[in-house]
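File shown here: coords12.txt, holding compact mmCIF, C-alpha atoms and all ligand atoms.
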```
# COMPACT_ATOMS: atom_id res chain seq x y z
CA MET A 1 51.51 -41.55 3.13
CA SER A 2 49.76 -42.63 -0.08
CA GLU A 3 49.93 -40.19 -2.98
CA THR A 4 46.64 -39.39 -4.71
CA LYS A 5 46.72 -38.59 -8.41
CA PRO A 6 45.01 -35.36 -9.44
CA PRO A 7 41.61 -36.05 -11.06
CA LYS A 8 41.28 -35.71 -14.84
CA ASN A 9 38.78 -33.42 -16.52
CA PRO A 10 37.03 -34.29 -19.82
CA HIS A 11 39.83 -32.55 -21.76
CA GLY A 12 42.13 -35.25 -20.37
CA ASP A 13 44.32 -32.67 -18.62
CA ALA A 14 45.47 -33.13 -15.08
CA LEU A 15 43.75 -30.60 -12.82
CA GLN A 16 46.72 -28.63 -11.65
CA PRO A 17 47.62 -24.96 -11.50
CA ARG A 18 48.39 -23.57 -14.95
CA ARG A 19 49.77 -20.21 -13.91
CA LEU A 20 51.61 -18.37 -16.62
CA ARG A 21 54.97 -16.96 -15.65
CA GLU A 22 56.66 -13.65 -16.31
CA GLY A 23 58.51 -14.00 -19.63
CA ASP A 24 56.15 -16.69 -21.02
CA GLU A 25 55.03 -16.12 -24.59
CA VAL A 26 51.34 -16.72 -25.21
CA GLY A 27 50.43 -16.32 -28.86
CA ASN A 28 51.56 -12.81 -29.76
CA TYR A 29 51.83 -11.73 -26.14
CA LEU A 30 54.67 -11.65 -23.64
CA VAL A 31 53.53 -12.10 -20.03
CA LEU A 32 54.81 -9.28 -17.82
CA ALA A 33 53.26 -9.96 -14.41
CA HIS A 34 50.54 -11.87 -12.59
CA LEU A 35 48.03 -9.31 -11.32
CA PHE A 36 45.20 -11.12 -9.60
CA THR A 37 43.63 -14.48 -8.85
CA GLY A 38 39.83 -14.27 -8.98
CA GLY A 39 37.21 -16.94 -8.37
CA MET A 40 37.20 -18.04 -12.00
CA GLY A 41 40.44 -16.87 -13.47
CA ASP A 42 43.89 -15.36 -13.21
CA ILE A 43 44.60 -11.93 -14.61
CA TYR A 44 48.01 -11.07 -16.08
CA ALA A 45 49.57 -7.95 -17.55
CA ALA A 46 51.14 -8.66 -20.94
CA VAL A 47 52.37 -6.85 -24.01
CA HIS A 48 51.67 -7.53 -27.68
CA LEU A 49 55.07 -8.36 -29.17
CA GLN A 50 54.54 -6.68 -32.53
CA LEU A 51 52.19 -3.83 -31.63
CA ASN A 52 53.87 -3.06 -28.29
CA ARG A 53 50.40 -2.57 -26.79
CA HIS A 54 49.87 -3.43 -23.11
CA VAL A 55 46.94 -5.73 -22.40
CA ALA A 56 45.37 -7.81 -19.63
CA LEU A 57 45.04 -11.57 -20.14
CA LYS A 58 42.34 -13.50 -18.28
CA VAL A 59 43.02 -17.21 -18.08
CA PRO A 60 40.52 -19.66 -16.58
CA ARG A 61 41.43 -21.39 -13.33
CA VAL A 62 41.81 -25.05 -14.12
CA ASP A 63 43.18 -26.14 -10.75
CA THR A 64 39.68 -26.84 -9.52
CA PRO A 65 36.84 -29.28 -10.23
CA ALA A 66 35.05 -26.26 -11.78
CA ALA A 67 37.69 -26.11 -14.55
CA ASP A 68 35.26 -26.90 -17.35
CA PHE A 69 32.72 -24.43 -16.05
CA ASN A 70 35.42 -21.73 -15.84
CA ARG A 71 36.50 -22.42 -19.42
CA ARG A 72 32.93 -22.19 -20.74
CA ARG A 73 32.25 -19.00 -18.82
CA LEU A 74 35.44 -17.35 -20.09
CA LEU A 75 34.32 -17.95 -23.66
CA ALA A 76 30.83 -16.63 -22.81
CA GLU A 77 32.45 -13.58 -21.15
CA ALA A 78 34.52 -12.91 -24.29
CA GLN A 79 31.41 -13.19 -26.47
CA PHE A 80 29.38 -10.87 -24.22
CA LEU A 81 32.13 -8.25 -24.06
CA SER A 82 32.50 -8.36 -27.85
CA ARG A 83 28.89 -7.28 -28.22
CA VAL A 84 29.40 -4.04 -26.31
CA ALA A 85 31.73 -1.17 -27.13
CA HIS A 86 31.25 1.50 -24.48
CA GLY A 87 33.52 3.85 -22.56
CA ASN A 88 32.36 2.40 -19.24
CA VAL A 89 32.98 -1.23 -20.19
CA VAL A 90 36.39 -2.86 -20.47
CA ALA A 91 37.33 -3.35 -24.15
CA VAL A 92 37.99 -6.88 -25.38
CA TYR A 93 40.60 -7.41 -28.08
CA ASP A 94 40.81 -11.17 -28.64
CA PHE A 95 40.14 -14.69 -27.44
CA ALA A 96 42.48 -17.57 -28.25
CA ALA A 97 44.11 -20.69 -26.84
CA THR A 98 47.70 -21.72 -26.29
CA SER A 99 49.14 -24.78 -28.03
CA ASP A 100 48.30 -26.80 -24.92
CA ARG A 101 44.68 -25.63 -25.05
CA LEU A 102 44.71 -23.04 -22.30
CA GLU A 103 42.18 -20.41 -23.35
CA TYR A 104 42.80 -16.73 -22.74
CA LEU A 105 40.83 -13.53 -23.11
CA VAL A 106 42.73 -10.41 -24.14
CA MET A 107 41.40 -7.09 -22.79
CA GLU A 108 42.56 -3.53 -22.42
CA LEU A 109 44.87 -3.21 -19.42
CA LEU A 110 43.21 -0.91 -16.91
CA ASP A 111 45.33 1.39 -14.79
CA GLY A 112 43.57 1.93 -11.48
CA HIS A 113 41.95 0.09 -8.60
CA SER A 114 38.79 -1.89 -8.13
CA LEU A 115 36.05 -0.06 -6.21
CA ASP A 116 36.41 -2.42 -3.23
CA GLN A 117 40.09 -1.48 -2.93
CA ILE A 118 39.05 2.19 -2.91
CA LEU A 119 36.36 1.54 -0.29
CA ASP A 120 38.90 -0.16 1.98
CA LYS A 121 40.65 3.20 2.28
CA THR A 122 37.65 5.54 1.84
CA PRO A 123 34.44 3.82 2.98
CA HIS A 124 32.22 6.91 2.43
CA LEU A 125 32.50 8.70 -0.86
CA GLN A 126 31.55 12.33 -1.21
CA ILE A 127 28.10 12.63 -2.75
CA PRO A 128 29.21 14.15 -6.09
CA HIS A 129 31.86 11.41 -6.43
CA ALA A 130 29.41 8.63 -5.53
CA ILE A 131 26.92 9.96 -8.06
CA ARG A 132 29.53 10.11 -10.80
CA VAL A 133 30.66 6.54 -10.06
CA VAL A 134 27.10 5.20 -10.07
CA LYS A 135 26.12 7.19 -13.15
CA GLU A 136 28.99 5.71 -15.14
CA MET A 137 28.18 2.22 -13.86
CA ALA A 138 24.57 2.70 -14.95
CA ARG A 139 25.67 3.89 -18.40
CA GLY A 140 27.83 0.78 -18.84
CA LEU A 141 24.97 -1.41 -17.65
CA ALA A 142 22.53 0.31 -20.01
CA ALA A 143 24.90 -0.60 -22.87
CA PHE A 144 24.80 -4.24 -21.77
CA HIS A 145 21.03 -4.19 -21.50
CA ARG A 146 20.72 -2.70 -24.99
CA ALA A 147 22.75 -5.69 -26.22
CA GLY A 148 20.41 -8.06 -24.35
CA ILE A 149 22.95 -8.93 -21.66
CA PHE A 150 22.47 -8.82 -17.88
CA HIS A 151 25.62 -8.53 -15.79
CA VAL A 152 24.13 -10.15 -12.63
CA ASP A 153 27.41 -10.00 -10.68
CA LEU A 154 27.65 -6.34 -9.92
CA LYS A 155 29.86 -5.75 -6.88
CA PRO A 156 32.69 -3.38 -6.00
CA GLU A 157 35.33 -5.97 -7.06
CA ASN A 158 33.89 -5.92 -10.58
CA VAL A 159 34.00 -2.14 -10.95
CA MET A 160 37.36 -0.67 -11.93
CA VAL A 161 38.05 2.96 -11.04
CA VAL A 162 40.69 4.43 -13.32
CA ALA A 163 43.79 6.01 -11.81
CA GLY A 164 43.35 9.65 -10.89
CA ALA A 165 39.56 9.46 -10.45
CA LEU A 166 38.16 10.60 -7.07
CA VAL A 167 41.13 12.89 -6.53
CA ASN A 168 41.42 16.50 -7.50
CA LYS A 169 43.84 15.93 -10.33
CA ALA A 170 41.27 13.74 -12.15
CA VAL A 171 40.56 15.00 -15.62
CA GLU A 172 36.88 15.98 -15.79
CA GLY A 173 36.18 14.72 -19.28
CA GLU A 174 37.60 11.20 -18.83
CA ASN A 175 35.68 8.11 -17.85
CA TRP A 176 36.21 7.08 -14.26
CA ILE A 177 34.58 3.67 -14.37
CA LYS A 178 35.05 0.48 -16.38
CA LEU A 179 32.83 -2.50 -15.71
CA ILE A 180 34.57 -5.87 -15.81
CA ASP A 181 33.85 -9.55 -15.18
CA LEU A 182 31.01 -10.84 -17.32
CA GLY A 183 31.82 -14.33 -16.04
CA THR A 184 28.30 -14.95 -14.77
CA ALA A 185 26.36 -12.69 -17.14
CA ARG A 186 23.28 -14.00 -18.93
CA LEU A 187 21.41 -13.30 -22.12
CA THR A 188 17.88 -11.96 -22.14
CA TYR A 189 16.40 -15.22 -23.33
CA GLU A 190 18.63 -17.50 -21.27
CA HIS A 191 16.96 -18.61 -18.08
CA ASN A 192 19.61 -20.70 -16.40
CA ILE A 193 20.56 -22.61 -19.54
CA ASP A 194 23.75 -23.24 -17.66
CA THR A 195 22.32 -24.92 -14.58
CA GLU A 196 25.57 -24.41 -12.67
CA LEU A 197 25.02 -20.66 -13.02
CA THR A 198 22.20 -20.76 -10.52
CA LEU A 199 24.79 -21.58 -7.86
CA VAL A 200 27.07 -18.72 -8.81
CA GLY A 201 26.94 -15.20 -7.46
CA THR A 202 27.92 -13.19 -4.45
CA PRO A 203 25.17 -13.36 -1.79
CA ALA A 204 25.83 -9.79 -0.63
CA TYR A 205 24.98 -8.42 -4.10
CA MET A 206 22.47 -10.95 -5.45
CA SER A 207 18.90 -9.91 -6.11
CA PRO A 208 16.09 -11.78 -4.34
CA GLU A 209 14.94 -13.19 -7.71
CA ALA A 210 18.43 -14.55 -8.53
CA ILE A 211 18.64 -16.11 -5.07
CA GLN A 212 15.23 -17.72 -5.51
CA ASP A 213 16.18 -18.91 -9.02
CA ARG A 214 13.39 -16.92 -10.62
CA PRO A 215 13.95 -15.33 -14.07
CA VAL A 216 16.22 -12.30 -13.90
CA ASP A 217 16.24 -9.21 -16.09
CA GLY A 218 17.81 -5.75 -16.04
CA ARG A 219 16.10 -5.02 -12.75
CA ALA A 220 18.44 -7.52 -11.03
CA ASP A 221 21.30 -5.22 -12.09
CA LEU A 222 19.35 -2.26 -10.68
CA TYR A 223 19.22 -4.10 -7.36
CA GLY A 224 23.01 -4.73 -7.42
CA LEU A 225 23.58 -1.10 -8.42
CA GLY A 226 21.36 0.04 -5.52
CA ILE A 227 23.44 -1.99 -3.06
CA VAL A 228 26.69 -0.51 -4.34
CA PHE A 229 25.19 3.02 -4.30
CA TYR A 230 23.99 2.60 -0.71
CA GLU A 231 27.31 1.09 0.36
CA ILE A 232 29.55 3.82 -1.06
CA LEU A 233 27.41 6.51 0.63
CA ALA A 234 26.60 4.82 3.96
CA GLY A 235 30.02 3.18 4.40
CA ARG A 236 28.26 -0.12 5.07
CA HIS A 237 26.18 -2.72 3.31
CA PRO A 238 22.40 -2.11 3.54
CA LEU A 239 21.88 -5.53 5.13
CA HIS A 240 23.99 -6.00 8.18
CA THR A 241 25.42 -9.49 8.26
CA THR A 242 28.66 -11.07 7.14
CA ASP A 243 27.32 -14.63 7.20
CA ASP A 244 26.46 -15.93 3.71
CA ALA A 245 23.43 -18.01 4.80
CA GLU A 246 21.99 -15.09 6.79
CA MET A 247 22.71 -12.75 3.88
CA ILE A 248 20.78 -14.97 1.47
CA GLN A 249 17.78 -14.86 3.79
CA ALA A 250 18.17 -11.12 4.38
CA GLN A 251 18.25 -10.41 0.64
CA VAL A 252 14.81 -11.98 0.37
CA GLU A 253 13.23 -10.77 3.63
CA GLN A 254 15.05 -7.92 5.39
CA ARG A 255 14.23 -4.25 4.79
CA PRO A 256 17.36 -2.09 4.81
CA PRO A 257 17.36 0.98 7.09
CA PRO A 258 16.82 4.27 5.22
CA LEU A 259 20.09 5.66 3.87
CA SER A 260 19.58 8.95 5.76
CA THR A 261 20.15 6.99 9.01
CA PHE A 262 23.84 6.86 8.12
CA ARG A 263 24.17 9.90 5.91
CA PRO A 264 22.81 13.08 7.51
CA ASP A 265 23.74 15.11 4.42
CA ILE A 266 21.08 13.18 2.46
CA PRO A 267 17.69 14.35 3.75
CA ALA A 268 15.15 11.65 4.66
CA SER A 269 12.63 11.09 1.84
CA SER A 270 14.65 13.24 -0.57
CA SER A 271 14.47 12.10 -4.18
CA LEU A 272 18.05 10.77 -3.89
CA GLU A 273 17.18 8.60 -0.91
CA ARG A 274 13.95 7.42 -2.54
CA LEU A 275 15.76 6.43 -5.73
CA ILE A 276 18.34 4.33 -3.87
CA MET A 277 15.74 2.69 -1.63
CA ASP A 278 13.54 1.96 -4.69
CA CYS A 279 16.42 0.04 -6.29
CA LEU A 280 16.56 -2.12 -3.16
CA GLU A 281 12.91 -3.16 -3.37
CA LYS A 282 12.53 -6.93 -3.10
CA ARG A 283 9.96 -7.01 -5.91
CA PRO A 284 11.48 -6.10 -9.31
CA SER A 285 8.23 -4.35 -10.33
CA LYS A 286 8.76 -1.77 -7.55
CA ARG A 287 12.27 -0.83 -8.74
CA PRO A 288 12.94 1.70 -11.53
CA GLY A 289 11.84 0.08 -14.81
CA SER A 290 15.17 0.41 -16.63
CA MET A 291 18.70 1.84 -16.41
CA LEU A 292 17.58 4.78 -18.51
CA GLU A 293 14.76 5.57 -16.09
CA PHE A 294 17.27 5.25 -13.25
CA LEU A 295 19.68 7.65 -14.99
CA SER A 296 17.03 10.30 -15.56
CA ARG A 297 15.82 10.05 -11.93
CA LEU A 298 19.46 10.27 -10.79
CA ASP A 299 20.00 13.52 -12.70
CA GLN A 300 16.87 15.00 -11.17
CA ALA A 301 17.75 13.80 -7.66
CA TYR A 302 21.26 15.24 -7.91
CA SER A 303 20.09 18.65 -9.05
CA GLU A 304 17.55 18.73 -6.18
CA TRP A 305 20.27 17.73 -3.73
CA ARG A 306 22.56 20.47 -5.04
CA LYS A 307 19.80 23.06 -4.68
CA GLN A 308 19.28 21.98 -1.06
CA VAL A 309 23.02 22.20 -0.36
CA ALA A 310 23.20 25.64 -1.96
CA GLN A 311 20.29 26.82 0.24
CA CYS A 312 22.01 25.45 3.38
CA ALA A 313 25.26 27.11 2.34
CA THR A 314 23.58 30.52 2.29
CA ILE A 315 22.19 29.89 5.79
CA MET A 316 25.10 28.02 7.41
CA PRO A 317 28.59 29.47 7.52
CA GLY A 318 31.23 27.01 6.32
CA GLY A 319 29.81 26.28 2.89
CA PRO A 320 28.26 23.22 1.35
CA ILE A 321 28.99 19.72 2.60
CA GLY A 322 30.95 17.25 0.54
CA LEU A 323 31.67 19.34 -2.55
N1 LIG A 401 41.37 -5.51 -17.74
C1 LIG A 401 41.90 -5.45 -16.53
N2 LIG A 401 42.94 -4.62 -16.25
C2 LIG A 401 43.47 -4.57 -15.01
N3 LIG A 401 43.08 -5.33 -13.95
C3 LIG A 401 42.04 -6.19 -14.15
C4 LIG A 401 41.41 -6.29 -15.45
N4 LIG A 401 40.42 -7.21 -15.35
C5 LIG A 401 40.45 -7.66 -14.08
N5 LIG A 401 41.39 -7.05 -13.34
C6 LIG A 401 41.71 -7.28 -11.91
O1 LIG A 401 41.50 -8.64 -11.61
C7 LIG A 401 40.44 -8.81 -10.65
C8 LIG A 401 39.64 -10.05 -10.99
O2 LIG A 401 39.07 -9.93 -12.29
P1 LIG A 401 37.70 -10.65 -12.65
O3 LIG A 401 36.65 -10.15 -11.74
O4 LIG A 401 37.46 -10.50 -14.11
O5 LIG A 401 38.09 -12.17 -12.30
P2 LIG A 401 37.14 -13.36 -11.79
O6 LIG A 401 37.98 -14.56 -11.62
O7 LIG A 401 35.97 -13.48 -12.71
O8 LIG A 401 36.69 -12.80 -10.41
P3 LIG A 401 35.58 -13.32 -9.40
O9 LIG A 401 34.94 -14.52 -9.99
O10 LIG A 401 36.39 -13.57 -8.15
O11 LIG A 401 34.68 -12.13 -9.29
C9 LIG A 401 39.65 -7.51 -10.70
O12 LIG A 401 38.99 -7.22 -9.47
C10 LIG A 401 40.75 -6.49 -11.02
O13 LIG A 401 41.43 -6.13 -9.81
MG MG A 402 35.30 -10.53 -10.39
```
As structure tokens - that is how I would like this structure written.
Amino acid sequence: MSETKPPKNPHGDALQPRRLREGDEVGNYLVLAHLFTGGMGDIYAAVHLQLNRHVALKVPRVDTPAADFNRRRLLAEAQFLSRVAHGNVVAVYDFAATSDRLEYLVMELLDGHSLDQILDKTPHLQIPHAIRVVKEMARGLAAFHRAGIFHVDLKPENVMVVAGALVNKAVEGENWIKLIDLGTARLTYEHNIDTELTLVGTPAYMSPEAIQDRPVDGRADLYGLGIVFYEILAGRHPLHTTDDAEMIQAQVEQRPPPLSTFRPDIPASSSLERLIMDCLEKRPSKRPGSMLEFLSRLDQAYSEWRKQVAQCATIMPGGPIGL
């Protein structure tokens, strides 16, 4: 059998896995454990040797022909995250490179689970919980939008739910949600400057305009948010296919069934249902105009829903549903 040499990238490095190991020292950090391998990078838990502070390190995957792309996007991610300090966005501490030129992003270490891990166990969230999750996501997204950044890769894997949230012992005043993964985010004025970006995204959460390579703005994030909102309430994606090619077509053409089809405790045509279905409009101009508009409609919709539940509770024995 002939042995093929690994290809070289423009940095001159062999394209091979560069996993850090437990006990490795990276700059001021000691690697404690490998946590996750994502599409673009590996995430590690580490500790700052002098400050004794626990952190997460994100290191680009260089064992792939996309190594250069991953490196550039990690730097862009670090720069985007540095522009936003918000309780619903993961905090970034530093960006540096090892002596052998392996870049790494240093973030706060989040204790909890990603929303997709939660949904694996609990596919339908209670309405007050779903609203709290989405509200905090929207607040984090509004902070990005204020800084001129669009996330464009909103999906349950990129939403961290802190430990203790969604269970009774959760402390009311604390944030439940931290948005992560700005790996494919864009700036307001950047229309596909990075041409490879047009190929990146998750079909199940991409807006029709991103799929069609039209300019995207904050309303693409409203579309992604609408999909997540629908999914955590209905227990299923609004467009019913698992095939990527069919999903891409469905995102552009298929109308999702009204949420009330799957969630009898959300009345048809209620303001909550209308808000979620408006986010899923194919044309950005038919969605809410901004995250702030979304947040104010959400508050209104929730108080209407609570009034309806309270009325039912006085009529039906057994009390309100889902509280
Ligand atoms: N700061 C953090 N603290 C704890 N865990 C984290 C942190 N950041 C990321 N993770 C974990 O690592 C996973 C992957 O992170 P991230 O989405 O940033 O990587 P990625 O390579 O860009 O992913 P992909 O491209 O596959 O979406 C997350 O879903 C989460 O489980
Ligand atoms: Mg991710």
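With CA of Ser82 in chain A on one side and CA of Leu166 in chain A on the other, the separation reads 28.7 Å.
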| task | For each of A:Asp243, A:Ala76, A:Phe294, A:Gly140, take the minimum atom-to-atom distance to Arg186 in chain A, counting all atoms listed in the file, then give the residue where this is smallest. | result |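 Ranking A:Asp243, A:Ala76, A:Phe294, A:Gly140 by distance to Arg186 in chain A, first place goes to A:Ala76.
When CA of Glu103 in chain A is paired with CA of Val59 in chain A, their separation reads 6.2 Å.
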Please identify every residue of chain A that has at least one atom no farther than 9 Å from an atom of ligand MG 402 (chain A), counting only C-alpha atoms and all ligand atoms, and for each give the shortest atom pair and the distance in Å to one decimal, arranged by chain then increasing number, as JSON lines.
```
{"residue": "A:Gly38", "atom": "CA", "partner": "A:MG402", "partner_atom": "MG", "distance": 6.0}
{"residue": "A:Gly39", "atom": "CA", "partner": "A:MG402", "partner_atom": "MG", "distance": 7.0}
{"residue": "A:Met40", "atom": "CA", "partner": "A:MG402", "partner_atom": "MG", "distance": 7.9}
{"residue": "A:Gly41", "atom": "CA", "partner": "A:MG402", "partner_atom": "MG", "distance": 8.7}
{"residue": "A:Asp153", "atom": "CA", "partner": "A:MG402", "partner_atom": "MG", "distance": 7.9}
{"residue": "A:Leu154", "atom": "CA", "partner": "A:MG402", "partner_atom": "MG", "distance": 8.7}
{"residue": "A:Lys155", "atom": "CA", "partner": "A:MG402", "partner_atom": "MG", "distance": 8.0}
{"residue": "A:Pro156", "atom": "CA", "partner": "A:MG402", "partner_atom": "MG", "distance": 8.8}
{"residue": "A:Glu157", "atom": "CA", "partner": "A:MG402", "partner_atom": "MG", "distance": 5.6}
{"residue": "A:Asn158", "atom": "CA", "partner": "A:MG402", "partner_atom": "MG", "distance": 4.8}
{"residue": "A:Val159", "atom": "CA", "partner": "A:MG402", "partner_atom": "MG", "distance": 8.5}
{"residue": "A:Ile180", "atom": "CA", "partner": "A:MG402", "partner_atom": "MG", "distance": 7.2}
{"residue": "A:Asp181", "atom": "CA", "partner": "A:MG402", "partner_atom": "MG", "distance": 5.1}
{"residue": "A:Leu182", "atom": "CA", "partner": "A:MG402", "partner_atom": "MG", "distance": 8.2}
{"residue": "A:Gly183", "atom": "CA", "partner": "A:MG402", "partner_atom": "MG", "distance": 7.6}
```
Please put the answer as AutoDock Vina command-line options: centre and edge lengths, in Å with one decimal, of a box along x, y and z that encloses all listed atoms of ligand LIG 401 (chain A) plus 8 Å on each side.
```
--center_x 39.1 --center_y -9.6 --center_z -12.9 --size_x 24.8 --size_y 26.0 --size_z 25.6
```
| said: Can you measure CA of Arg71 in chain A to atom N5 of ligand LIG 401 (chain A) for me? One decimal in Å is fine. | reply: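 Between CA of Arg71 in chain A and atom N5 of ligand LIG 401 (chain A) the gap works out to 17.2 Å.
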| Nearest-residue call for ligand LIG 401 (chain A), choices A:Asn88, A:Thr202, A:Gln126, A:Asn52, using only C-alpha atoms and all ligand atoms | A:Thr202
| request: Would you list the residues near (19.9, 22.2, -3.5), meaning any protein, DNA or RNA residue with an atom at most 12 Å from that point in file coordinates, counting all atoms listed in the file, as a ChimeraX atom specification? | output: /A:265-267,270-272,300-314,320-321
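Between ligand LIG 401 (chain A) and the residues A:Arg146, A:Arg263, A:Lys135, A:His151, the shortest atom-to-atom distance, using all atoms listed in the file, involves A:His151.
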| Spatial neighbours of range 282-293 of chain A, max dist 10 Å, all atoms listed in the file, sep filter under 5 positions, as a PyMOL selection string | chain A and resi 135+137-143+145-146+207-209+216-223+225-226+251-255+275-277+298
| query | Counting all atoms listed in the file, which of A:Tyr205, A:Tyr44, A:Phe95, A:Phe262 gets nearest to Glu77 in chain A? | reply |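 Of A:Tyr205, A:Tyr44, A:Phe95, A:Phe262, the one nearest Glu77 in chain A is A:Phe95, counting all atoms listed in the file.
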| message | I want to know what sits within 9 Å of Thr261 in chain A, based on all atoms listed in the file, with residues of the same chain fewer than 4 positions away left out; could you give that as a list in words? | response | Ala234, Pro257 and Ala268 of chain A
